[in-house]
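S.K.: File follows, run.cif with mmCIF, C-alpha atoms:
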```cif
data_structure
#
loop_
_atom_site.label_atom_id
_atom_site.label_comp_id
_atom_site.auth_asym_id
_atom_site.auth_seq_id
_atom_site.Cartn_x
_atom_site.Cartn_y
_atom_site.Cartn_z
CA VAL A 25 245.25 4.06 -92.01
CA ASN A 26 244.50 5.11 -88.44
CA ILE A 27 244.33 8.86 -87.78
CA SER A 28 242.02 8.66 -84.77
CA ASN A 29 242.01 11.52 -82.24
CA LEU A 30 243.97 13.86 -84.52
CA SER A 31 241.72 16.88 -84.15
CA ASN A 32 243.84 18.99 -86.51
CA VAL A 33 243.25 16.70 -89.52
CA GLU A 34 241.07 18.49 -92.05
CA ASP A 35 239.32 17.72 -95.33
CA TYR A 36 242.35 18.83 -97.36
CA ASP A 37 244.53 16.26 -95.58
CA ILE A 38 242.09 13.46 -96.35
CA LYS A 39 241.94 14.51 -99.99
CA GLN A 40 245.71 14.28 -100.30
CA LEU A 41 245.66 10.91 -98.57
CA VAL A 42 243.09 9.32 -100.85
CA ILE A 43 244.65 10.72 -104.01
CA ASN A 44 247.88 8.92 -103.14
CA CYS A 45 246.31 5.79 -101.64
CA LYS A 46 243.71 4.68 -104.15
CA TYR A 47 243.72 1.11 -102.84
CA LEU A 48 242.97 2.18 -99.28
CA LEU A 49 240.87 -0.43 -97.47
CA THR A 50 240.62 0.94 -93.92
CA LEU A 51 240.25 4.49 -92.63
CA LYS A 52 239.88 5.02 -88.90
CA ALA A 53 239.15 8.66 -88.19
CA LYS A 54 237.58 8.48 -84.73
CA ASN A 55 237.21 11.90 -83.08
CA CYS A 56 238.62 13.74 -86.11
CA SER A 57 235.99 16.38 -85.52
CA ALA A 58 237.23 18.79 -88.20
CA LEU A 59 236.27 16.40 -90.99
CA THR A 60 233.13 17.04 -93.04
CA ASP A 61 231.26 15.50 -95.94
CA HIS A 62 233.97 16.77 -98.27
CA SER A 63 236.35 14.15 -96.87
CA ILE A 64 233.95 11.31 -97.64
CA ILE A 65 233.18 12.65 -101.10
CA GLY A 66 236.91 12.62 -101.80
CA LEU A 67 237.24 9.13 -100.37
CA CYS A 68 234.47 7.88 -102.65
CA ASP A 69 236.08 9.50 -105.69
CA TYR A 70 239.33 7.59 -105.26
CA CYS A 71 238.96 4.65 -102.85
CA VAL A 72 235.98 2.66 -104.07
CA ASP A 73 237.26 -0.56 -102.46
CA ILE A 74 237.06 0.85 -98.92
CA ASP A 75 236.28 -1.99 -96.51
CA GLU A 76 236.21 -0.37 -93.05
CA LEU A 77 235.37 3.22 -92.10
CA ASP A 78 235.28 4.80 -88.64
CA LEU A 79 233.86 8.33 -88.47
CA SER A 80 232.71 8.21 -84.84
CA ARG A 81 232.96 11.39 -82.78
CA LYS A 82 232.01 12.94 -79.48
CA THR A 83 232.18 16.63 -80.41
CA TYR A 84 230.31 18.31 -83.23
CA PRO A 85 231.98 21.50 -84.50
CA LEU A 86 231.48 20.20 -88.06
CA ARG A 87 229.09 17.61 -89.37
CA ILE A 88 229.11 14.31 -91.22
CA SER A 89 225.67 14.17 -92.83
CA ASP A 90 223.48 12.18 -95.21
CA VAL A 91 225.59 13.53 -98.08
CA SER A 92 228.41 11.24 -96.97
CA LEU A 93 226.09 8.25 -96.77
CA PHE A 94 224.70 8.97 -100.22
CA ASN A 95 228.18 8.91 -101.72
CA LEU A 96 229.17 5.75 -99.85
CA GLY A 97 226.03 4.01 -101.02
CA ARG A 98 226.80 5.09 -104.57
CA VAL A 99 230.29 3.56 -104.86
CA ALA A 100 231.36 1.61 -101.73
CA ALA A 101 229.72 -1.72 -102.51
CA SER A 102 232.42 -3.67 -100.66
CA LEU A 103 232.12 -1.71 -97.39
CA ARG A 104 231.82 -4.20 -94.50
CA VAL A 105 232.29 -2.13 -91.34
CA ILE A 106 231.12 1.41 -90.61
CA ASN A 107 231.09 3.38 -87.36
CA LEU A 108 228.98 6.54 -87.35
CA SER A 109 228.57 6.82 -83.58
CA GLY A 110 227.85 10.39 -82.56
CA CYS A 111 227.26 11.65 -86.10
CA ASP A 112 224.10 13.36 -85.00
CA ALA A 113 223.26 14.97 -88.35
CA ILE A 114 222.52 11.74 -90.18
CA THR A 115 218.89 10.73 -90.71
CA ASP A 116 216.84 7.77 -91.89
CA VAL A 117 217.24 9.00 -95.47
CA GLY A 118 221.01 8.68 -95.21
CA ILE A 119 220.75 5.19 -93.73
CA THR A 120 218.51 4.19 -96.63
CA TRP A 121 221.03 5.51 -99.16
CA LEU A 122 223.90 3.76 -97.37
CA THR A 123 222.29 0.35 -96.96
CA SER A 124 220.75 0.31 -100.43
CA GLY A 125 224.21 0.43 -101.98
CA CYS A 126 226.40 -1.21 -99.32
CA LYS A 127 224.81 -4.62 -99.05
CA ALA A 128 228.04 -6.25 -97.83
CA LEU A 129 227.80 -4.49 -94.46
CA GLU A 130 228.52 -6.79 -91.53
CA GLU A 131 229.01 -4.27 -88.70
CA ILE A 132 227.18 -0.98 -88.18
CA ASP A 133 227.53 1.40 -85.23
CA ILE A 134 224.97 4.20 -85.33
CA SER A 135 224.75 4.81 -81.59
CA SER A 136 223.95 8.35 -80.43
CA CYS A 137 222.58 9.29 -83.85
CA LEU A 138 219.60 11.03 -82.35
CA LYS A 139 217.58 11.64 -85.53
CA LEU A 140 217.28 7.97 -86.46
CA THR A 141 213.89 6.30 -86.15
CA ASP A 142 212.17 3.01 -86.93
CA SER A 143 212.31 3.90 -90.62
CA GLY A 144 216.09 3.60 -90.56
CA MET A 145 215.79 0.19 -88.93
CA ARG A 146 213.44 -0.86 -91.71
CA SER A 147 216.07 0.05 -94.29
CA ILE A 148 218.74 -1.95 -92.46
CA GLY A 149 216.42 -4.94 -92.17
CA SER A 150 215.57 -4.76 -95.87
CA ASN A 151 219.14 -4.52 -97.14
CA CYS A 152 221.74 -5.82 -94.69
CA TYR A 153 221.36 -9.58 -94.85
CA LEU A 154 224.98 -10.19 -93.81
CA LEU A 155 224.84 -7.98 -90.71
CA THR A 156 226.26 -9.56 -87.55
CA TYR A 157 226.81 -6.50 -85.31
CA LEU A 158 224.56 -3.48 -84.74
CA ASN A 159 224.84 -0.75 -82.11
CA ILE A 160 221.80 1.53 -81.84
CA SER A 161 222.37 2.62 -78.24
CA TYR A 162 220.84 5.96 -77.22
CA ASP A 163 218.94 6.34 -80.51
CA LYS A 164 215.92 7.28 -78.47
CA LEU A 165 213.40 7.41 -81.33
CA ILE A 166 213.79 3.70 -82.13
CA SER A 167 211.02 1.52 -80.76
CA ASP A 168 209.78 -2.08 -80.77
CA ILE A 169 208.54 -1.45 -84.31
CA GLY A 170 212.09 -0.78 -85.48
CA ILE A 171 213.38 -3.94 -83.79
CA THR A 172 210.65 -5.93 -85.52
CA ALA A 173 211.57 -4.47 -88.92
CA LEU A 174 215.24 -5.15 -88.29
CA THR A 175 214.68 -8.86 -87.70
CA THR A 176 212.99 -9.45 -91.05
CA GLY A 177 216.31 -9.49 -92.90
CA CYS A 178 219.19 -9.36 -90.39
CA GLN A 179 218.93 -12.98 -89.34
CA GLN A 180 222.71 -13.44 -89.06
CA LEU A 181 222.83 -10.88 -86.24
CA SER A 182 224.97 -12.00 -83.30
CA THR A 183 225.39 -8.73 -81.35
CA LEU A 184 222.72 -6.09 -80.78
CA LEU A 185 223.42 -3.18 -78.42
CA CYS A 186 220.32 -1.21 -77.40
CA LYS A 187 221.43 0.79 -74.36
CA GLY A 188 219.21 3.62 -73.25
CA LEU A 189 216.27 3.05 -75.60
CA PHE A 190 213.14 4.33 -73.90
CA LEU A 191 210.77 2.89 -76.50
CA ILE A 192 212.05 -0.71 -76.33
CA SER A 193 209.86 -2.86 -74.10
CA ASP A 194 209.25 -6.48 -73.13
CA HIS A 195 205.74 -6.37 -74.58
CA ARG A 196 204.90 -9.80 -75.98
CA LEU A 197 208.34 -11.26 -75.54
CA VAL A 198 207.99 -14.88 -76.61
CA SER A 199 210.47 -17.56 -75.62
CA ASN A 200 209.93 -21.32 -75.73
CA ASN A 201 206.14 -21.10 -76.09
CA LYS A 202 205.76 -18.70 -73.18
CA LEU A 203 204.53 -15.16 -73.15
CA VAL A 204 207.03 -13.23 -71.08
CA GLY A 205 205.92 -9.79 -69.97
CA SER A 206 205.42 -7.64 -66.93
CA ASN A 207 202.15 -9.39 -66.06
CA ASN A 208 202.67 -12.79 -67.74
CA ILE A 209 206.10 -14.00 -66.72
CA HIS A 210 205.29 -17.73 -66.59
CA LYS A 211 202.00 -17.91 -68.48
CA PRO A 212 202.00 -20.61 -71.21
CA ILE A 213 200.14 -19.75 -74.39
CA ASP A 214 198.64 -21.78 -77.19
CA ASN A 215 201.02 -22.70 -80.01
CA LYS A 216 198.77 -21.08 -82.61
CA ILE A 217 198.88 -17.82 -80.71
CA ASN A 218 202.62 -18.20 -80.24
CA LYS A 219 203.13 -18.25 -84.01
CA LYS A 220 201.28 -14.95 -84.39
CA VAL A 221 203.06 -13.05 -81.63
CA LYS A 222 206.20 -11.78 -83.35
CA PHE A 223 206.79 -8.23 -82.19
CA GLY A 224 209.86 -6.37 -80.95
CA LEU A 225 212.04 -8.61 -78.80
CA SER A 226 209.70 -11.47 -79.59
CA ALA A 227 210.60 -11.16 -83.27
CA LEU A 228 214.27 -10.92 -82.32
CA SER A 229 214.22 -14.13 -80.28
CA SER A 230 212.33 -15.92 -83.04
CA ASN A 231 214.12 -14.68 -86.18
CA CYS A 232 217.67 -13.92 -85.03
CA VAL A 233 218.70 -17.25 -83.57
CA PHE A 234 222.44 -16.48 -83.67
CA VAL A 235 222.28 -13.58 -81.20
CA LYS A 236 224.89 -14.07 -78.48
CA LYS A 237 225.00 -10.58 -77.01
CA LEU A 238 221.98 -8.37 -76.38
CA ASP A 239 222.49 -5.25 -74.26
CA LEU A 240 219.27 -3.76 -72.88
CA SER A 241 220.85 -1.76 -70.07
CA ASN A 242 219.24 1.57 -69.21
CA CYS A 243 216.07 0.67 -71.11
CA PRO A 244 213.45 1.72 -68.54
CA SER A 245 210.58 -0.21 -70.15
CA ILE A 246 212.40 -3.54 -69.84
CA ASN A 247 211.48 -5.61 -66.81
CA VAL A 248 214.77 -6.79 -65.28
CA SER A 249 213.22 -10.07 -64.19
CA ILE A 250 212.58 -11.18 -67.78
CA GLN A 251 215.94 -10.38 -69.34
CA LYS A 252 217.06 -13.97 -68.68
CA TYR A 253 214.52 -15.14 -71.27
CA VAL A 254 216.03 -13.07 -74.08
#
```
How does this structure look as structure tokens?
M.R.:
Amino acid sequence: VNISNLSNVEDYDIKQLVINCKYLLTLKAKNCSALTDHSIIGLCDYCVDIDELDLSRKTYPLRISDVSLFNLGRVAASLRVINLSGCDAITDVGITWLTSGCKALEEIDISSCLKLTDSGMRSIGSNCYLLTYLNISYDKLISDIGITALTTGCQQLSTLLCKGLFLISDHRLVSNNKLVGSNNIHKPIDNKINKKVKFGLSALSSNCVFVKKLDLSNCPSINVSIQKYV
């Protein structure tokens, strides 16, 4: 079901939908800004086989919060795709609840969720082993530490979008036995040292070998001259 951009859709409408469509697999509700946690609670009561969910929004008259993620994590074990872009009320706690229960997740968009930090990335890295797509653009509290934590478990990752992250840097970026950084662009390093330097983008290049798309645009701490090594 695709009800995107229908700003007049409210929680009552979603409740009626899920009551009559208990085998619903996909709900796309992009920019349905009148929806709240009550819609997701209703969804979880009736549609436990939900596979794809889009709750992204650009305006915030009402909020989707951690309450929704708690309920999804409780019952939506088969959820593969979720888009929470712009849901600025969700926190690391909600991401932990979601990923702890929804281990089948393959695609997550949590861009412009401004409360998320490295702790949320740690939860994703610990639980989402099947993840192939992650968008964390403009989540300005996420740093190299979060990227490092992410790579511990998300080794199937093929797309990582990190636009506008001020705390992502090229510090100790390792590629093909070279230390690539602002002051060490072509400096070879010892293999023993190379094995120990696994931080941030270094960890990404080492652990996530299937990455095909990495967007670092508008990340001011990234040296443009070294992006070709990523």
S.K.: Got a sec: who's within 7 Å of Ala58 in chain A, counting all atoms listed in the file, leaving out chain neighbours fewer than 3 positions off, as an mmCIF file with C-alpha atoms, keeping the file's coordinate frame?
M.R.:
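Full text of part_35.cif as output:
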```cif
data_model
loop_
_atom_site.group_PDB
_atom_site.id
_atom_site.type_symbol
_atom_site.label_atom_id
_atom_site.label_comp_id
_atom_site.auth_asym_id
_atom_site.auth_seq_id
_atom_site.Cartn_x
_atom_site.Cartn_y
_atom_site.Cartn_z
ATOM 1 C CA SER A 31 241.720 16.880 -84.150
ATOM 2 C CA ASN A 32 243.840 18.990 -86.510
ATOM 3 C CA VAL A 33 243.250 16.700 -89.520
ATOM 4 C CA GLU A 34 241.070 18.490 -92.050
ATOM 5 C CA PRO A 85 231.980 21.500 -84.500
ATOM 6 C CA LEU A 86 231.480 20.200 -88.060
#
```
S.K.: Applied to the shown file, which residues does the PyMOL selection byres ((chain A and resi 170) around 10) return, written as a PyMOL selection string?
M.R.: chain A and resi 141-149+165-169+171-175+191-192+223-224
S.K.: Store the residues of this selection in a file with C-alpha atoms, as a tab-separated table (two decimals), in the frame of the given file.
M.R.:
```tsv
chain	number	residue	atom	x	y	z
A	141	THR	CA	213.89	6.30	-86.15
A	142	ASP	CA	212.17	3.01	-86.93
A	143	SER	CA	212.31	3.90	-90.62
A	144	GLY	CA	216.09	3.60	-90.56
A	145	MET	CA	215.79	0.19	-88.93
A	146	ARG	CA	213.44	-0.86	-91.71
A	147	SER	CA	216.07	0.05	-94.29
A	148	ILE	CA	218.74	-1.95	-92.46
A	149	GLY	CA	216.42	-4.94	-92.17
A	165	LEU	CA	213.40	7.41	-81.33
A	166	ILE	CA	213.79	3.70	-82.13
A	167	SER	CA	211.02	1.52	-80.76
A	168	ASP	CA	209.78	-2.08	-80.77
A	169	ILE	CA	208.54	-1.45	-84.31
A	171	ILE	CA	213.38	-3.94	-83.79
A	172	THR	CA	210.65	-5.93	-85.52
A	173	ALA	CA	211.57	-4.47	-88.92
A	174	LEU	CA	215.24	-5.15	-88.29
A	175	THR	CA	214.68	-8.86	-87.70
A	191	LEU	CA	210.77	2.89	-76.50
A	192	ILE	CA	212.05	-0.71	-76.33
A	223	PHE	CA	206.79	-8.23	-82.19
A	224	GLY	CA	209.86	-6.37	-80.95
```
S.K.: Check what the PyMOL selection byres ((chain A and resi 98) around 9) selects in the file above and give those residues as a PyMOL selection string.
M.R.: chain A and resi 68+93-97+99-101+121-122+124-126
S.K.: List as a PyMOL selection string the protein and nucleic acid residues near Cys137 in chain A, meaning an atom at most 9 Å away when all atoms listed in the file are counted, but skip any in the same chain fewer than 6 places from it.
M.R.: chain A and resi 108-115+160-164
S.K.: Applied to the shown file, which residues does the PyMOL selection byres ((chain A and resi 155) around 7) return, written as a list of chain:residue names?
M.R.: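 Selection result, ordered by chain and number: A:Leu129, A:Glu130, A:Glu131, A:Cys152, A:Tyr153, A:Leu154, A:Thr156, A:Tyr157, A:Cys178, A:Gln180, A:Leu181.
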S.K.: Could you tell me which of A:Val72, A:Leu240, A:Ile38, A:Val235 comes closest to Thr60 in chain A if we count all atoms listed in the file?
M.R.: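 Looking only at the distances to Thr60 in chain A, the closest residue turns out to be A:Ile38.
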S.K.: Which value, in Å to one decimal, gives the distance between CA of Asp35 in chain A and CA of Asp61 in chain A?
M.R.: 8.4 Å
S.K.: Using all atoms listed in the file, which of the listed residues (A:Leu30, A:Cys243, A:Cys232, A:Ile65) sits closest to Asp194 in chain A?
M.R.: A:Cys243
S.K.: Just want the 8 Å neighbourhood of Val233 in chain A, counted on all atoms listed in the file, with same-chain residues fewer than 4 positions away dropped. Output as a PyMOL selection string.
M.R.: chain A and resi 179-180+228-229
S.K.: Using all atoms listed in the file for the distances, tell me which of A:Gln40, A:Ser28, A:Ser182, A:Ser230 is nearest to Ser80 in chain A.
M.R.: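 Nearest to Ser80 in chain A: A:Ser28.
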S.K.: Quick one, how far is CA of Lys39 in chain A from CA of Val105 in chain A?
M.R.: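 Answer for the CA of Lys39 in chain A to CA of Val105 in chain A separation: 21.1 Å.
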S.K.: Using all atoms listed in the file, which protein or nucleic acid residues come within 7 Å of Leu184 in chain A? Drop anything in the same chain fewer than 3 positions from it, and give the result as a PDB file with C-alpha atoms, keeping the file's coordinate frame.
M.R.:
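Below is the file part.pdb, written as the result:
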```pdb
ATOM      1  CA  TYR A 157     226.810  -6.500 -85.310  1.00  0.00           C
ATOM      2  CA  LEU A 158     224.560  -3.480 -84.740  1.00  0.00           C
ATOM      3  CA  ASN A 159     224.840  -0.750 -82.110  1.00  0.00           C
ATOM      4  CA  LYS A 237     225.000 -10.580 -77.010  1.00  0.00           C
ATOM      5  CA  LEU A 238     221.980  -8.370 -76.380  1.00  0.00           C
ATOM      6  CA  ASP A 239     222.490  -5.250 -74.260  1.00  0.00           C
TER       7      ASP A 239
END
```
S.K.: Contacts of Ser102 in chain A at 7 Å or less, counting all atoms listed in the file, minus same-chain residues fewer than 2 places along, as an MDAnalysis selection string?
M.R.: chainID A and resid 73:75 100 104 126 128
S.K.: Report the centre and edge lengths, in Å to one decimal, of an axis-aligned box enclosing every atom of range 70-86 of chain A listed in the file, padded by 6 Å on each side, as JSON.
M.R.:
```
{"center_x": 234.8, "center_y": 9.8, "center_z": -92.4, "size_x": 21.0, "size_y": 35.5, "size_z": 37.8}
```
S.K.: CA of Leu77 in chain A and CA of Leu189 in chain A, how far apart in Å?
M.R.: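 Atom-to-atom, CA of Leu189 in chain A and CA of Leu77 in chain A are spaced 25.2 Å apart.
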S.K.: Can you sort out range 58-70 of chain A so it carries N, CA and C atoms, written as a short mmCIF file (atom, residue, chain, number, x, y, z; two decimals), in the frame of the given file?
M.R.:
```cif
data_model
loop_
_atom_site.label_atom_id
_atom_site.label_comp_id
_atom_site.auth_asym_id
_atom_site.auth_seq_id
_atom_site.Cartn_x
_atom_site.Cartn_y
_atom_site.Cartn_z
N ALA A 58 237.17 17.74 -87.18
CA ALA A 58 237.23 18.79 -88.20
C ALA A 58 236.84 18.27 -89.58
N LEU A 59 236.63 16.97 -89.70
CA LEU A 59 236.27 16.40 -90.99
C LEU A 59 234.80 16.63 -91.30
N THR A 60 234.50 16.82 -92.59
CA THR A 60 233.13 17.04 -93.04
C THR A 60 232.80 16.09 -94.18
N ASP A 61 231.66 16.30 -94.79
CA ASP A 61 231.26 15.50 -95.94
C ASP A 61 232.27 15.55 -97.08
N HIS A 62 233.00 16.64 -97.19
CA HIS A 62 233.97 16.77 -98.27
C HIS A 62 235.03 15.67 -98.21
N SER A 63 235.38 15.24 -97.02
CA SER A 63 236.35 14.15 -96.87
C SER A 63 235.80 12.85 -97.45
N ILE A 64 234.54 12.56 -97.18
CA ILE A 64 233.95 11.31 -97.64
C ILE A 64 233.69 11.35 -99.14
N ILE A 65 233.33 12.51 -99.65
CA ILE A 65 233.18 12.65 -101.10
C ILE A 65 234.50 12.36 -101.79
N GLY A 66 235.59 12.89 -101.25
CA GLY A 66 236.91 12.62 -101.80
C GLY A 66 237.27 11.15 -101.71
N LEU A 67 236.98 10.56 -100.57
CA LEU A 67 237.24 9.13 -100.37
C LEU A 67 236.52 8.31 -101.43
N CYS A 68 235.27 8.63 -101.68
CA CYS A 68 234.47 7.88 -102.65
C CYS A 68 234.93 8.11 -104.08
N ASP A 69 235.56 9.22 -104.34
CA ASP A 69 236.08 9.50 -105.69
C ASP A 69 237.29 8.64 -106.03
N TYR A 70 238.06 8.25 -105.00
CA TYR A 70 239.33 7.59 -105.26
C TYR A 70 239.44 6.19 -104.68
#
```
